[in-house]
$ cat coords.pdb   # PDB, C-alpha atoms
MODEL        1
ATOM      1  CA  MET A   9       0.000   0.000   0.000
ATOM      2  CA  LEU A  10       2.887   2.309   0.813
ATOM      3  CA  ILE A  11       4.200   1.837  -2.720
ATOM      4  CA  LEU A  12       0.834   2.775  -4.213
ATOM      5  CA  ILE A  13       0.852   5.965  -2.147
ATOM      6  CA  PHE A  14       4.352   6.913  -3.288
ATOM      7  CA  LEU A  15       3.917   6.306  -7.029
ATOM      8  CA  GLN A  16       4.148   9.643  -8.799
ATOM      9  CA  LEU A  17       2.618   9.479 -12.260
ATOM     10  CA  SER A  18      -1.084   9.874 -11.454
ATOM     11  CA  PRO A  19      -0.470  12.565  -8.791
ATOM     12  CA  GLY A  20       1.815  14.456 -11.220
ATOM     13  CA  ILE A  21      -0.741  14.436 -14.022
ATOM     14  CA  PHE A  22      -3.491  15.283 -11.527
ATOM     15  CA  ALA A  23      -1.531  18.284 -10.230
ATOM     16  CA  LEU A  24      -1.065  19.537 -13.802
ATOM     17  CA  THR A  25      -4.719  18.921 -14.677
ATOM     18  CA  TYR A  26      -5.925  20.787 -11.601
ATOM     19  CA  HIS A  27      -3.526  23.665 -12.337
ATOM     20  CA  TYR A  28      -4.689  24.081 -15.924
ATOM     21  CA  ALA A  29      -8.334  23.659 -14.912
ATOM     22  CA  LEU A  30      -7.868  26.459 -12.372
ATOM     23  CA  GLY A  31      -6.250  28.534 -15.120
ATOM     24  CA  LYS A  32      -9.263  28.233 -17.379
ATOM     25  CA  TYR A  33     -12.268  27.782 -15.120
ATOM     26  CA  SER A  34     -13.549  28.927 -11.750
ATOM     27  CA  LYS A  35     -12.439  27.140  -8.569
ATOM     28  CA  ASN A  36     -15.694  25.191  -8.274
ATOM     29  CA  GLN A  37     -15.651  24.125 -11.916
ATOM     30  CA  ALA A  38     -12.012  23.027 -11.658
ATOM     31  CA  SER A  39     -12.748  21.091  -8.509
ATOM     32  CA  PHE A  40     -15.754  19.375 -10.112
ATOM     33  CA  LEU A  41     -13.904  18.583 -13.357
ATOM     34  CA  THR A  42     -10.880  17.064 -11.630
ATOM     35  CA  LEU A  43     -13.133  14.903  -9.473
ATOM     36  CA  PHE A  44     -13.705  12.833 -12.622
ATOM     37  CA  PHE A  45      -9.956  12.321 -12.918
ATOM     38  CA  ILE A  46     -10.046  10.745  -9.446
ATOM     39  CA  ILE A  47     -13.058   8.628 -10.399
ATOM     40  CA  GLY A  48     -11.163   7.444 -13.496
ATOM     41  CA  VAL A  49      -8.144   6.419 -11.420
ATOM     42  CA  GLU A  50     -10.380   4.681  -8.880
ATOM     43  CA  ILE A  51     -12.432   2.758 -11.419
ATOM     44  CA  ILE A  52      -9.472   1.454 -13.398
ATOM     45  CA  SER A  53      -7.522   0.572 -10.218
ATOM     46  CA  ALA A  54     -10.547  -1.278  -8.858
ATOM     47  CA  CYS A  55     -11.095  -3.070 -12.189
ATOM     48  CA  ILE A  56      -7.482  -4.230 -12.432
ATOM     49  CA  PHE A  57      -7.261  -5.226  -8.789
ATOM     50  CA  LEU A  58     -10.609  -7.036  -8.662
ATOM     51  CA  SER A  59      -9.895  -8.901 -11.921
ATOM     52  CA  THR A  60      -6.556 -10.006 -10.518
ATOM     53  CA  TYR A  61      -8.222 -10.950  -7.265
ATOM     54  CA  PHE A  62     -10.861 -12.980  -9.085
ATOM     55  CA  LEU A  63      -8.187 -14.805 -11.083
ATOM     56  CA  VAL A  64      -6.021 -15.544  -8.039
ATOM     57  CA  SER A  65      -8.950 -16.688  -5.880
ATOM     58  CA  THR A  66     -10.208 -18.950  -8.687
ATOM     59  CA  LEU A  67      -6.755 -20.501  -8.962
ATOM     60  CA  PHE A  68      -6.605 -20.835  -5.177
ATOM     61  CA  PHE A  69      -9.870 -22.700  -4.952
ATOM     62  CA  VAL A  70      -8.869 -25.166  -7.665
ATOM     63  CA  GLY A  71      -5.913 -26.158  -5.533
ATOM     64  CA  PHE A  72      -3.190 -23.702  -6.551
ATOM     65  CA  ARG A  73      -0.910 -22.810  -3.635
ATOM     66  CA  PRO A  74       1.710 -20.080  -3.993
ATOM     67  CA  GLU A  75       4.104 -21.876  -1.633
ATOM     68  CA  THR A  76       4.542 -24.786  -3.985
ATOM     69  CA  SER A  77       4.549 -22.823  -7.206
ATOM     70  CA  VAL A  78       7.351 -21.510  -9.331
ATOM     71  CA  LEU A  79       5.165 -18.429  -9.915
ATOM     72  CA  THR A  80       6.089 -17.176  -6.449
ATOM     73  CA  TRP A  81       9.753 -17.232  -7.422
ATOM     74  CA  ILE A  82       8.915 -15.377 -10.615
ATOM     75  CA  LEU A  83       6.913 -12.787  -8.653
ATOM     76  CA  ALA A  84       9.783 -12.323  -6.184
ATOM     77  CA  GLY A  85      12.175 -11.906  -9.116
ATOM     78  CA  ILE A  86       9.914  -9.295 -10.703
ATOM     79  CA  LEU A  87       9.674  -7.395  -7.413
ATOM     80  CA  ILE A  88      13.481  -7.393  -7.022
ATOM     81  CA  ALA A  89      13.778  -6.092 -10.584
ATOM     82  CA  LEU A  90      11.180  -3.406  -9.812
ATOM     83  CA  GLY A  91      13.137  -2.466  -6.679
ATOM     84  CA  PHE A  92      16.193  -1.711  -8.808
ATOM     85  CA  LEU A  93      14.096  -0.126 -11.551
ATOM     86  CA  ALA A  94      12.430   2.156  -8.989
ATOM     87  CA  PHE A  95      15.836   3.328  -7.839
ATOM     88  CA  PHE A  96      17.551   3.798 -11.190
ATOM     89  CA  HIS A  97      14.766   4.208 -13.703
ATOM     90  CA  TYR A  98      11.606   5.577 -12.082
ATOM     91  CA  PHE A  99      12.864   9.168 -12.043
ATOM     92  CA  ARG A 100      14.827  10.413 -15.008
ATOM     93  CA  PRO A 101      18.217  11.947 -14.205
ATOM     94  CA  GLY A 102      18.340  15.739 -14.012
ATOM     95  CA  ALA A 103      16.375  18.458 -12.323
ATOM     96  CA  GLY A 104      12.686  18.101 -11.553
ATOM     97  CA  THR A 105      10.659  14.944 -11.224
ATOM     98  CA  LYS A 106      10.579  13.656 -14.786
ATOM     99  CA  LEU A 107       9.356  10.082 -14.741
ATOM    100  CA  PHE A 108      10.109   6.847 -16.588
ATOM    101  CA  ILE A 109       7.490   7.272 -19.331
ATOM    102  CA  SER A 110       8.774   8.282 -22.765
ATOM    103  CA  GLN A 111       8.972  11.969 -23.596
ATOM    104  CA  LYS A 112       6.336  11.519 -26.286
ATOM    105  CA  TYR A 113       3.844  10.148 -23.743
ATOM    106  CA  SER A 114       4.832  12.782 -21.247
ATOM    107  CA  LYS A 115       4.120  15.528 -23.797
ATOM    108  CA  GLY A 116       0.837  13.811 -24.656
ATOM    109  CA  PHE A 117      -0.222  13.802 -21.017
ATOM    110  CA  LYS A 118       0.747  17.452 -20.604
ATOM    111  CA  TYR A 119      -1.183  18.386 -23.719
ATOM    112  CA  SER A 120      -4.231  16.428 -22.508
ATOM    113  CA  ALA A 121      -4.028  18.030 -19.060
ATOM    114  CA  LYS A 122      -3.823  21.446 -20.692
ATOM    115  CA  THR A 123      -6.693  20.990 -23.114
ATOM    116  CA  ILE A 124      -9.114  19.259 -20.775
ATOM    117  CA  LYS A 125     -12.653  20.503 -21.341
ATOM    118  CA  THR A 126     -15.211  17.907 -20.351
ATOM    119  CA  LYS A 127     -15.772  15.424 -17.535
ATOM    120  CA  SER A 128     -15.068  12.528 -19.871
ATOM    121  CA  ASP A 129     -11.685  14.078 -20.827
ATOM    122  CA  ALA A 130     -10.770  14.159 -17.142
ATOM    123  CA  PHE A 131     -12.051  10.621 -16.610
ATOM    124  CA  VAL A 132     -10.049   9.195 -19.537
ATOM    125  CA  LEU A 133      -6.928  11.057 -18.440
ATOM    126  CA  GLY A 134      -7.286   9.525 -14.968
ATOM    127  CA  VAL A 135      -7.691   6.058 -16.480
ATOM    128  CA  MET A 136      -4.678   6.506 -18.780
ATOM    129  CA  SER A 137      -2.461   7.838 -16.004
ATOM    130  CA  SER A 138      -3.246   4.806 -13.868
ATOM    131  CA  VAL A 139      -2.773   2.334 -16.722
ATOM    132  CA  SER A 140       0.620   3.872 -17.584
ATOM    133  CA  GLU A 141       1.946   2.777 -14.205
ATOM    134  CA  PHE A 142       0.727  -0.772 -14.748
ATOM    135  CA  ILE A 143       4.254  -2.194 -14.794
ATOM    136  CA  TYR A 144       4.800  -0.938 -11.232
ATOM    137  CA  THR A 145       1.353  -1.784  -9.852
ATOM    138  CA  PHE A 146       0.342  -5.098 -11.396
ATOM    139  CA  PRO A 147       2.804  -7.337  -9.453
ATOM    140  CA  LEU A 148       1.570  -5.663  -6.266
ATOM    141  CA  TYR A 149      -2.045  -6.420  -7.179
ATOM    142  CA  VAL A 150      -1.159 -10.073  -7.813
ATOM    143  CA  LEU A 151       0.674 -10.300  -4.502
ATOM    144  CA  ALA A 152      -2.058  -8.504  -2.547
ATOM    145  CA  SER A 153      -4.715 -10.759  -4.074
ATOM    146  CA  ALA A 154      -2.781 -13.885  -3.099
ATOM    147  CA  GLU A 155      -2.285 -12.589   0.434
ATOM    148  CA  ILE A 156      -5.917 -11.576   0.855
ATOM    149  CA  VAL A 157      -7.064 -15.021  -0.323
ATOM    150  CA  HIS A 158      -4.548 -16.536   2.097
ATOM    151  CA  LEU A 159      -5.972 -14.493   4.982
ATOM    152  CA  SER A 160      -9.450 -15.814   4.254
ATOM    153  CA  LEU A 161      -8.203 -19.260   5.323
ATOM    154  CA  TYR A 162      -7.729 -17.939   8.852
ATOM    155  CA  GLY A 163     -11.267 -16.556   8.987
ATOM    156  CA  ILE A 164     -10.142 -12.930   8.711
ATOM    157  CA  SER A 165     -12.591 -10.655   6.912
ATOM    158  CA  ILE A 166     -11.044 -10.024   3.529
ATOM    159  CA  ASN A 167     -13.425  -7.365   2.266
ATOM    160  CA  LEU A 168     -11.817  -4.659   4.358
ATOM    161  CA  PHE A 169      -8.349  -5.391   2.944
ATOM    162  CA  ALA A 170      -9.684  -5.474  -0.624
ATOM    163  CA  ILE A 171     -11.474  -2.141  -0.152
ATOM    164  CA  LEU A 172      -8.391  -0.572   1.455
ATOM    165  CA  PHE A 173      -6.199  -1.729  -1.396
ATOM    166  CA  VAL A 174      -8.599  -0.341  -3.983
ATOM    167  CA  LEU A 175      -8.846   3.027  -2.219
ATOM    168  CA  THR A 176      -5.138   3.495  -1.487
ATOM    169  CA  PRO A 177      -4.122   4.962  -4.904
ATOM    170  CA  LEU A 178      -6.573   7.813  -4.281
ATOM    171  CA  LEU A 179      -4.857   9.102  -1.143
ATOM    172  CA  PRO A 180      -2.143  11.192  -2.915
ATOM    173  CA  LEU A 181      -4.777  12.595  -5.281
ATOM    174  CA  PHE A 182      -6.979  13.720  -2.404
ATOM    175  CA  ILE A 183      -3.954  15.264  -0.680
ATOM    176  CA  ILE A 184      -3.166  17.289  -3.822
ATOM    177  CA  ARG A 185      -6.829  18.247  -4.192
ATOM    178  CA  TYR A 186      -6.910  19.371  -0.552
ATOM    179  CA  LYS A 187      -3.690  21.351  -1.061
ATOM    180  CA  TYR A 188      -5.129  23.214  -4.047
ATOM    181  CA  GLN A 189      -8.336  23.925  -2.132
ATOM    182  CA  ALA A 190      -6.305  25.152   0.834
ATOM    183  CA  GLY A 191      -4.606  27.745  -1.365
ATOM    184  CA  TYR A 192      -1.389  25.989  -2.380
ATOM    185  CA  ASN A 193      -0.389  26.208  -6.025
ATOM    186  CA  LEU A 194       1.516  24.180  -8.604
ATOM    187  CA  ALA A 195       4.813  25.842  -7.630
ATOM    188  CA  ASP A 196       4.427  24.553  -4.046
ATOM    189  CA  ILE A 197       3.567  21.075  -5.289
ATOM    190  CA  ILE A 198       6.547  20.950  -7.680
ATOM    191  CA  LYS A 199       8.853  22.139  -4.889
ATOM    192  CA  THR A 200       7.566  19.433  -2.506
ATOM    193  CA  ARG A 201       7.910  16.726  -5.170
ATOM    194  CA  THR A 202      11.423  17.821  -6.100
ATOM    195  CA  LYS A 203      12.510  18.081  -2.472
ATOM    196  CA  ASN A 204      11.189  14.604  -1.666
ATOM    197  CA  LYS A 205      12.449  12.949  -4.844
ATOM    198  CA  PRO A 206      15.374  11.053  -3.224
ATOM    199  CA  PHE A 207      13.142   9.935  -0.346
ATOM    200  CA  THR A 208      10.399   8.742  -2.716
ATOM    201  CA  ARG A 209      12.956   6.855  -4.794
ATOM    202  CA  PHE A 210      14.375   5.221  -1.670
ATOM    203  CA  ILE A 211      10.966   4.270  -0.227
ATOM    204  CA  LEU A 212       9.773   2.743  -3.514
ATOM    205  CA  SER A 213      12.941   0.770  -4.039
ATOM    206  CA  PHE A 214      13.229  -0.333  -0.406
ATOM    207  CA  ASN A 215       9.613  -1.495  -0.273
ATOM    208  CA  TYR A 216       9.816  -3.562  -3.455
ATOM    209  CA  LEU A 217      12.977  -5.250  -2.187
ATOM    210  CA  ILE A 218      11.569  -5.860   1.308
ATOM    211  CA  ILE A 219       8.392  -7.401  -0.138
ATOM    212  CA  ALA A 220      10.501  -9.637  -2.397
ATOM    213  CA  ILE A 221      12.605 -10.765   0.582
ATOM    214  CA  LEU A 222       9.482 -11.433   2.677
ATOM    215  CA  ILE A 223       8.013 -13.544  -0.131
ATOM    216  CA  LEU A 224      11.225 -15.514  -0.450
ATOM    217  CA  CYS A 225      11.343 -16.082   3.327
ATOM    218  CA  PHE A 226       7.711 -16.897   4.052
ATOM    219  CA  ARG A 227       5.966 -17.894   0.842
ATOM    220  CA  THR A 228       8.396 -20.249  -0.842
ATOM    221  CA  ILE A 229       9.581 -23.717  -0.013
ATOM    222  CA  LEU A 230      13.221 -24.314  -0.851
TER     223      LEU A 230
ATOM    224  CA  MET B  25      13.302  24.975 -36.390
ATOM    225  CA  LYS B  26      10.237  26.503 -34.761
ATOM    226  CA  GLU B  27       8.877  29.988 -35.154
ATOM    227  CA  TYR B  28       8.569  32.130 -32.065
ATOM    228  CA  ASP B  29       4.908  32.611 -31.271
ATOM    229  CA  GLU B  30       4.452  35.398 -28.773
ATOM    230  CA  ASN B  31       0.691  34.915 -28.542
ATOM    231  CA  GLU B  32       1.068  31.256 -27.624
ATOM    232  CA  ILE B  33       3.516  32.096 -24.818
ATOM    233  CA  LYS B  34       1.257  34.912 -23.632
ATOM    234  CA  LYS B  35      -1.745  32.577 -23.593
ATOM    235  CA  ASP B  36       0.165  29.938 -21.575
ATOM    236  CA  LEU B  37       1.409  32.525 -19.114
ATOM    237  CA  LYS B  38      -2.103  33.933 -18.668
ATOM    238  CA  ILE B  39      -3.474  30.452 -17.870
ATOM    239  CA  ASP B  40      -0.659  29.892 -15.356
ATOM    240  CA  ALA B  41      -1.224  33.327 -13.832
ATOM    241  CA  HIS B  42      -4.964  32.719 -13.454
ATOM    242  CA  ALA B  43      -4.273  29.328 -11.844
ATOM    243  CA  LEU B  44      -1.937  30.991  -9.368
ATOM    244  CA  GLY B  45      -4.645  33.481  -8.443
ATOM    245  CA  ILE B  46      -2.966  36.564  -9.914
ATOM    246  CA  PRO B  47      -5.511  39.271 -10.826
ATOM    247  CA  GLU B  48      -6.081  39.436 -14.580
ATOM    248  CA  GLY B  49      -5.096  43.076 -15.026
ATOM    249  CA  ALA B  50      -1.848  42.752 -13.095
ATOM    250  CA  ALA B  51      -0.996  39.521 -14.926
ATOM    251  CA  GLU B  52      -1.651  41.122 -18.325
ATOM    252  CA  THR B  53       0.589  44.080 -17.475
ATOM    253  CA  PHE B  54       3.573  42.164 -16.203
ATOM    254  CA  ILE B  55       3.355  39.446 -18.846
ATOM    255  CA  ASN B  56       3.515  42.129 -21.549
ATOM    256  CA  ARG B  57       6.430  43.816 -19.805
ATOM    257  CA  THR B  58       8.194  40.488 -19.361
ATOM    258  CA  LEU B  59       7.901  39.571 -23.016
ATOM    259  CA  LYS B  60       9.002  43.034 -24.087
ATOM    260  CA  ASP B  61      12.100  42.907 -21.875
ATOM    261  CA  ALA B  62      12.878  39.308 -22.831
ATOM    262  CA  LYS B  63      12.743  40.363 -26.491
ATOM    263  CA  LYS B  64      15.199  43.163 -25.755
ATOM    264  CA  HIS B  65      17.648  40.659 -24.270
ATOM    265  CA  LEU B  66      17.422  38.368 -27.255
ATOM    266  CA  LYS B  67      17.235  40.888 -30.097
ATOM    267  CA  ASN B  68      20.944  40.601 -30.989
ATOM    268  CA  LYS B  69      20.670  36.883 -31.660
ATOM    269  CA  SER B  70      19.413  35.714 -35.038
ATOM    270  CA  ILE B  71      18.683  32.172 -33.844
ATOM    271  CA  ILE B  72      17.652  31.323 -30.311
ATOM    272  CA  THR B  73      16.879  27.995 -28.699
ATOM    273  CA  GLU B  74      13.725  27.314 -26.711
ATOM    274  CA  LYS B  75      15.885  27.197 -23.593
ATOM    275  CA  ASP B  76      17.307  30.696 -24.289
ATOM    276  CA  LEU B  77      13.806  32.038 -24.638
ATOM    277  CA  GLU B  78      12.590  30.249 -21.516
ATOM    278  CA  ARG B  79      15.578  31.499 -19.508
ATOM    279  CA  ALA B  80      15.060  35.098 -20.623
ATOM    280  CA  ILE B  81      11.326  34.985 -19.822
ATOM    281  CA  CYS B  82      11.933  33.378 -16.413
ATOM    282  CA  LYS B  83      14.577  35.955 -15.540
ATOM    283  CA  GLU B  84      12.167  38.785 -16.275
ATOM    284  CA  LEU B  85       9.148  37.068 -14.695
ATOM    285  CA  LYS B  86      11.023  36.556 -11.433
ATOM    286  CA  LYS B  87      11.027  40.326 -10.938
ATOM    287  CA  TYR B  88       7.219  40.346 -10.820
ATOM    288  CA  HIS B  89       6.091  36.949  -9.540
ATOM    289  CA  ALA B  90       8.494  34.239  -8.341
ATOM    290  CA  ASP B  91       5.892  31.436  -8.331
ATOM    291  CA  LEU B  92       4.801  32.137 -11.894
ATOM    292  CA  ALA B  93       8.437  32.118 -13.020
ATOM    293  CA  TYR B  94       8.996  28.842 -11.178
ATOM    294  CA  VAL B  95       5.933  27.188 -12.727
ATOM    295  CA  TYR B  96       6.901  28.407 -16.206
ATOM    296  CA  GLN B  97      10.461  27.153 -15.754
ATOM    297  CA  ASN B  98       9.467  23.748 -14.382
ATOM    298  CA  ARG B  99       6.304  23.021 -16.358
ATOM    299  CA  ASP B 100       8.117  20.349 -18.401
ATOM    300  CA  THR B 101       9.812  18.630 -15.504
ATOM    301  CA  ILE B 102       6.767  17.433 -13.547
ATOM    302  CA  ILE B 103       6.076  14.123 -15.330
TER     303      ILE B 103
ENDMDL
END
$ encode --input "coords.pdb" --output "structure tokens"
Amino acid sequence: MLILIFLQLSPGIFALTYHYALGKYSKNQASFLTLFFIIGVEIISACIFLSTYFLVSTLFFVGFRPETSVLTWILAGILIALGFLAFFHYFRPGAGTKLFISQKYSKGFKYSAKTIKTKSDAFVLGVMSSVSEFIYTFPLYVLASAEIVHLSLYGISINLFAILFVLTPLLPLFIIRYKYQAGYNLADIIKTRTKNKPFTRFILSFNYLIIAILILCFRTIL
Amino acid sequence: MKEYDENEIKKDLKIDAHALGIPEGAAETFINRTLKDAKKHLKNKSIITEKDLERAICKELKKYHADLAYVYQNRDTII
């Protein structure tokens, strides 16, 4: 969950979208329009997570156990790779918080954020921003699904965990929304992001590696 | 090579200024002054890069509104 909070693409695009919406419309209109960005992020995150969860739980109930599967080793390997990628590749070198997506996509997102006019534009932009981080989120969804299914064996209510996991990606967006409504502007947000860039990089990388180590220690049989 | 479009820059700056809560009249005045002064700095050069233009505009904008200059300078480094 901590990783989902620290991922930067959706919050970055959201900050830009809100800024440009404020530049063109009134505060209320901007606030209303960008709400659809958040809904877009939420719906696509929920769709991806719940599909993964459905797949994993189906596999689980037909007898698949992560402990005895080579898939767990693959997942741990992917998470280790993501740990290194998050450190060396997530942020581009240089000033600012340029991210791993290609410059063409980055320009496309900026253009879309700038020219946003309708609720559906905002919704689609939210969906696209979330999908673009798929490489960093999908292994987490698979892992979380497996763990939630595992918890159900001990009689722990799993709905709460599933709901929490689906809602987590929205937290940074609501923080940015609150900041704009409290009178902060894009300059403040860029400064905060730039200042915390090394910390974000460290937290992302550290968490991926720790999760991979935990999987190797507790979910695999040597 | 790209042609310098003053109206496009002015439009972008006005959107940024409105988003930062700068009153329209004040924004209009100092954006015009900024572009005029930036042009003065660059008039001896026959070819200028986008970075030269951005630097000159930011330098002038800083005199009027530091946040607007910062946003203009860093608008491409967010994502």
$ residues_around --input "coords.pdb" --residues "segment 47-64 of chain B" --least-positions-apart "3" --cutoff "8 Å" --atoms "only C-alpha atoms" --output "list of chain:residue names"
B:Glu30, B:Lys34, B:Leu37, B:Lys38, B:Ala41, B:His42, B:Lys67, B:Leu77, B:Ala80, B:Ile81, B:Glu84, B:Leu85, B:Tyr88
$ resolve_selection --input "coords.pdb" --expression "the ChimeraX specification (/A :<12) & /B" --output "ChimeraX atom specification"
/B:35-48,89-103
$ resolve_selection --input "coords.pdb" --expression "the PyMOL selection byres ((chain A and resi 137) around 8)" --output "list in words"
Leu17, Ser18, Ile21, Val49, Leu133, Gly134, Val135, Met136, Ser138, Val139, Ser140 and Glu141 of chain A
$ atom_distance --input "coords.pdb" --atom1 "atom CA of Ala54 of chain A" --atom2 "atom CA of Ile11 of chain A"
16.3 Å
$ atom_distance --input "coords.pdb" --atom1 "atom CA of Lys127 of chain A" --atom2 "atom CA of Phe44 of chain A"
5.9 Å
$ atom_distance --input "coords.pdb" --atom1 "atom CA of His97 of chain A" --atom2 "atom CA of Phe142 of chain A"
14.9 Å
$ resolve_selection --input "coords.pdb" --expression "the PyMOL selection byres ((chain A and resi 84) around 9)" --output "PyMOL selection string"
chain A and resi 79-83+85-89+217+219-224
$ axis_aligned_box --input "coords.pdb" --around "segment 79-82 of chain B" --padding-each-side "5 Å" --output "JSON"
{"center_x": 13.5, "center_y": 33.3, "center_z": -18.5, "size_x": 14.3, "size_y": 13.6, "size_z": 14.2}
$ residues_near_point --input "coords.pdb" --point "(-4.8, -4.9, -5.1)" --cutoff "8 Å" --atoms "only C-alpha atoms" --output "tab-separated table (two decimals) with C-alpha atoms, in the coordinates of the input"
chain	number	residue	atom	x	y	z
A	53	SER	CA	-7.52	0.57	-10.22
A	54	ALA	CA	-10.55	-1.28	-8.86
A	56	ILE	CA	-7.48	-4.23	-12.43
A	57	PHE	CA	-7.26	-5.23	-8.79
A	58	LEU	CA	-10.61	-7.04	-8.66
A	60	THR	CA	-6.56	-10.01	-10.52
A	61	TYR	CA	-8.22	-10.95	-7.26
A	148	LEU	CA	1.57	-5.66	-6.27
A	149	TYR	CA	-2.04	-6.42	-7.18
A	150	VAL	CA	-1.16	-10.07	-7.81
A	151	LEU	CA	0.67	-10.30	-4.50
A	152	ALA	CA	-2.06	-8.50	-2.55
A	153	SER	CA	-4.72	-10.76	-4.07
A	170	ALA	CA	-9.68	-5.47	-0.62
A	173	PHE	CA	-6.20	-1.73	-1.40
A	174	VAL	CA	-8.60	-0.34	-3.98
$ closest_residue --input "coords.pdb" --among "A:Ile156, A:Leu90, A:Ile47, A:Ile171" --to "Arg209 of chain A" --atoms "only C-alpha atoms"
A:Leu90
$ closest_residue --input "coords.pdb" --among "A:Ile124, A:Ile166, A:Ile183, A:Ile211" --to "Tyr98 of chain A" --atoms "only C-alpha atoms"
A:Ile211
$ residues_near_point --input "coords.pdb" --point "(-6.5, -17.7, -0.2)" --cutoff "7 Å" --atoms "only C-alpha atoms" --output "PyMOL selection string"
chain A and resi 65+68+154-161
$ decode --input "coords.pdb" --residues "segment 22-38 of chain A" --atoms "N, CA and C atoms" --output "PDB file, in the first residue's frame"
ATOM      1  N   PHE A  22      -2.353  14.654 -12.214  1.00  0.00           N
ATOM      2  CA  PHE A  22      -3.491  15.283 -11.527  1.00  0.00           C
ATOM      3  C   PHE A  22      -3.165  16.727 -11.138  1.00  0.00           C
ATOM      4  N   ALA A  23      -1.939  16.922 -10.624  1.00  0.00           N
ATOM      5  CA  ALA A  23      -1.531  18.284 -10.230  1.00  0.00           C
ATOM      6  C   ALA A  23      -1.561  19.222 -11.437  1.00  0.00           C
ATOM      7  N   LEU A  24      -1.053  18.718 -12.575  1.00  0.00           N
ATOM      8  CA  LEU A  24      -1.065  19.537 -13.802  1.00  0.00           C
ATOM      9  C   LEU A  24      -2.500  19.816 -14.260  1.00  0.00           C
ATOM     10  N   THR A  25      -3.318  18.770 -14.229  1.00  0.00           N
ATOM     11  CA  THR A  25      -4.719  18.921 -14.677  1.00  0.00           C
ATOM     12  C   THR A  25      -5.450  19.957 -13.829  1.00  0.00           C
ATOM     13  N   TYR A  26      -5.255  19.847 -12.512  1.00  0.00           N
ATOM     14  CA  TYR A  26      -5.925  20.787 -11.601  1.00  0.00           C
ATOM     15  C   TYR A  26      -5.440  22.218 -11.869  1.00  0.00           C
ATOM     16  N   HIS A  27      -4.111  22.335 -12.086  1.00  0.00           N
ATOM     17  CA  HIS A  27      -3.526  23.665 -12.337  1.00  0.00           C
ATOM     18  C   HIS A  27      -4.138  24.299 -13.595  1.00  0.00           C
ATOM     19  N   TYR A  28      -4.160  23.526 -14.674  1.00  0.00           N
ATOM     20  CA  TYR A  28      -4.689  24.081 -15.924  1.00  0.00           C
ATOM     21  C   TYR A  28      -6.204  24.321 -15.838  1.00  0.00           C
ATOM     22  N   ALA A  29      -6.887  23.448 -15.084  1.00  0.00           N
ATOM     23  CA  ALA A  29      -8.334  23.659 -14.912  1.00  0.00           C
ATOM     24  C   ALA A  29      -8.582  24.956 -14.140  1.00  0.00           C
ATOM     25  N   LEU A  30      -7.742  25.199 -13.126  1.00  0.00           N
ATOM     26  CA  LEU A  30      -7.868  26.459 -12.372  1.00  0.00           C
ATOM     27  C   LEU A  30      -7.556  27.662 -13.253  1.00  0.00           C
ATOM     28  N   GLY A  31      -6.640  27.447 -14.206  1.00  0.00           N
ATOM     29  CA  GLY A  31      -6.250  28.534 -15.120  1.00  0.00           C
ATOM     30  C   GLY A  31      -7.346  28.910 -16.086  1.00  0.00           C
ATOM     31  N   LYS A  32      -8.244  27.964 -16.364  1.00  0.00           N
ATOM     32  CA  LYS A  32      -9.263  28.233 -17.379  1.00  0.00           C
ATOM     33  C   LYS A  32     -10.680  28.400 -16.824  1.00  0.00           C
ATOM     34  N   TYR A  33     -10.913  27.752 -15.672  1.00  0.00           N
ATOM     35  CA  TYR A  33     -12.268  27.782 -15.120  1.00  0.00           C
ATOM     36  C   TYR A  33     -12.263  28.343 -13.702  1.00  0.00           C
ATOM     37  N   SER A  34     -13.461  28.459 -13.135  1.00  0.00           N
ATOM     38  CA  SER A  34     -13.549  28.927 -11.750  1.00  0.00           C
ATOM     39  C   SER A  34     -13.105  27.803 -10.812  1.00  0.00           C
ATOM     40  N   LYS A  35     -12.905  28.140  -9.537  1.00  0.00           N
ATOM     41  CA  LYS A  35     -12.439  27.140  -8.569  1.00  0.00           C
ATOM     42  C   LYS A  35     -13.400  25.959  -8.465  1.00  0.00           C
ATOM     43  N   ASN A  36     -14.698  26.263  -8.414  1.00  0.00           N
ATOM     44  CA  ASN A  36     -15.694  25.191  -8.274  1.00  0.00           C
ATOM     45  C   ASN A  36     -15.715  24.282  -9.493  1.00  0.00           C
ATOM     46  N   GLN A  37     -15.644  24.914 -10.676  1.00  0.00           N
ATOM     47  CA  GLN A  37     -15.651  24.125 -11.916  1.00  0.00           C
ATOM     48  C   GLN A  37     -14.422  23.226 -11.989  1.00  0.00           C
ATOM     49  N   ALA A  38     -13.267  23.797 -11.618  1.00  0.00           N
ATOM     50  CA  ALA A  38     -12.012  23.027 -11.658  1.00  0.00           C
ATOM     51  C   ALA A  38     -12.083  21.852 -10.694  1.00  0.00           C
TER      52      ALA A  38
END
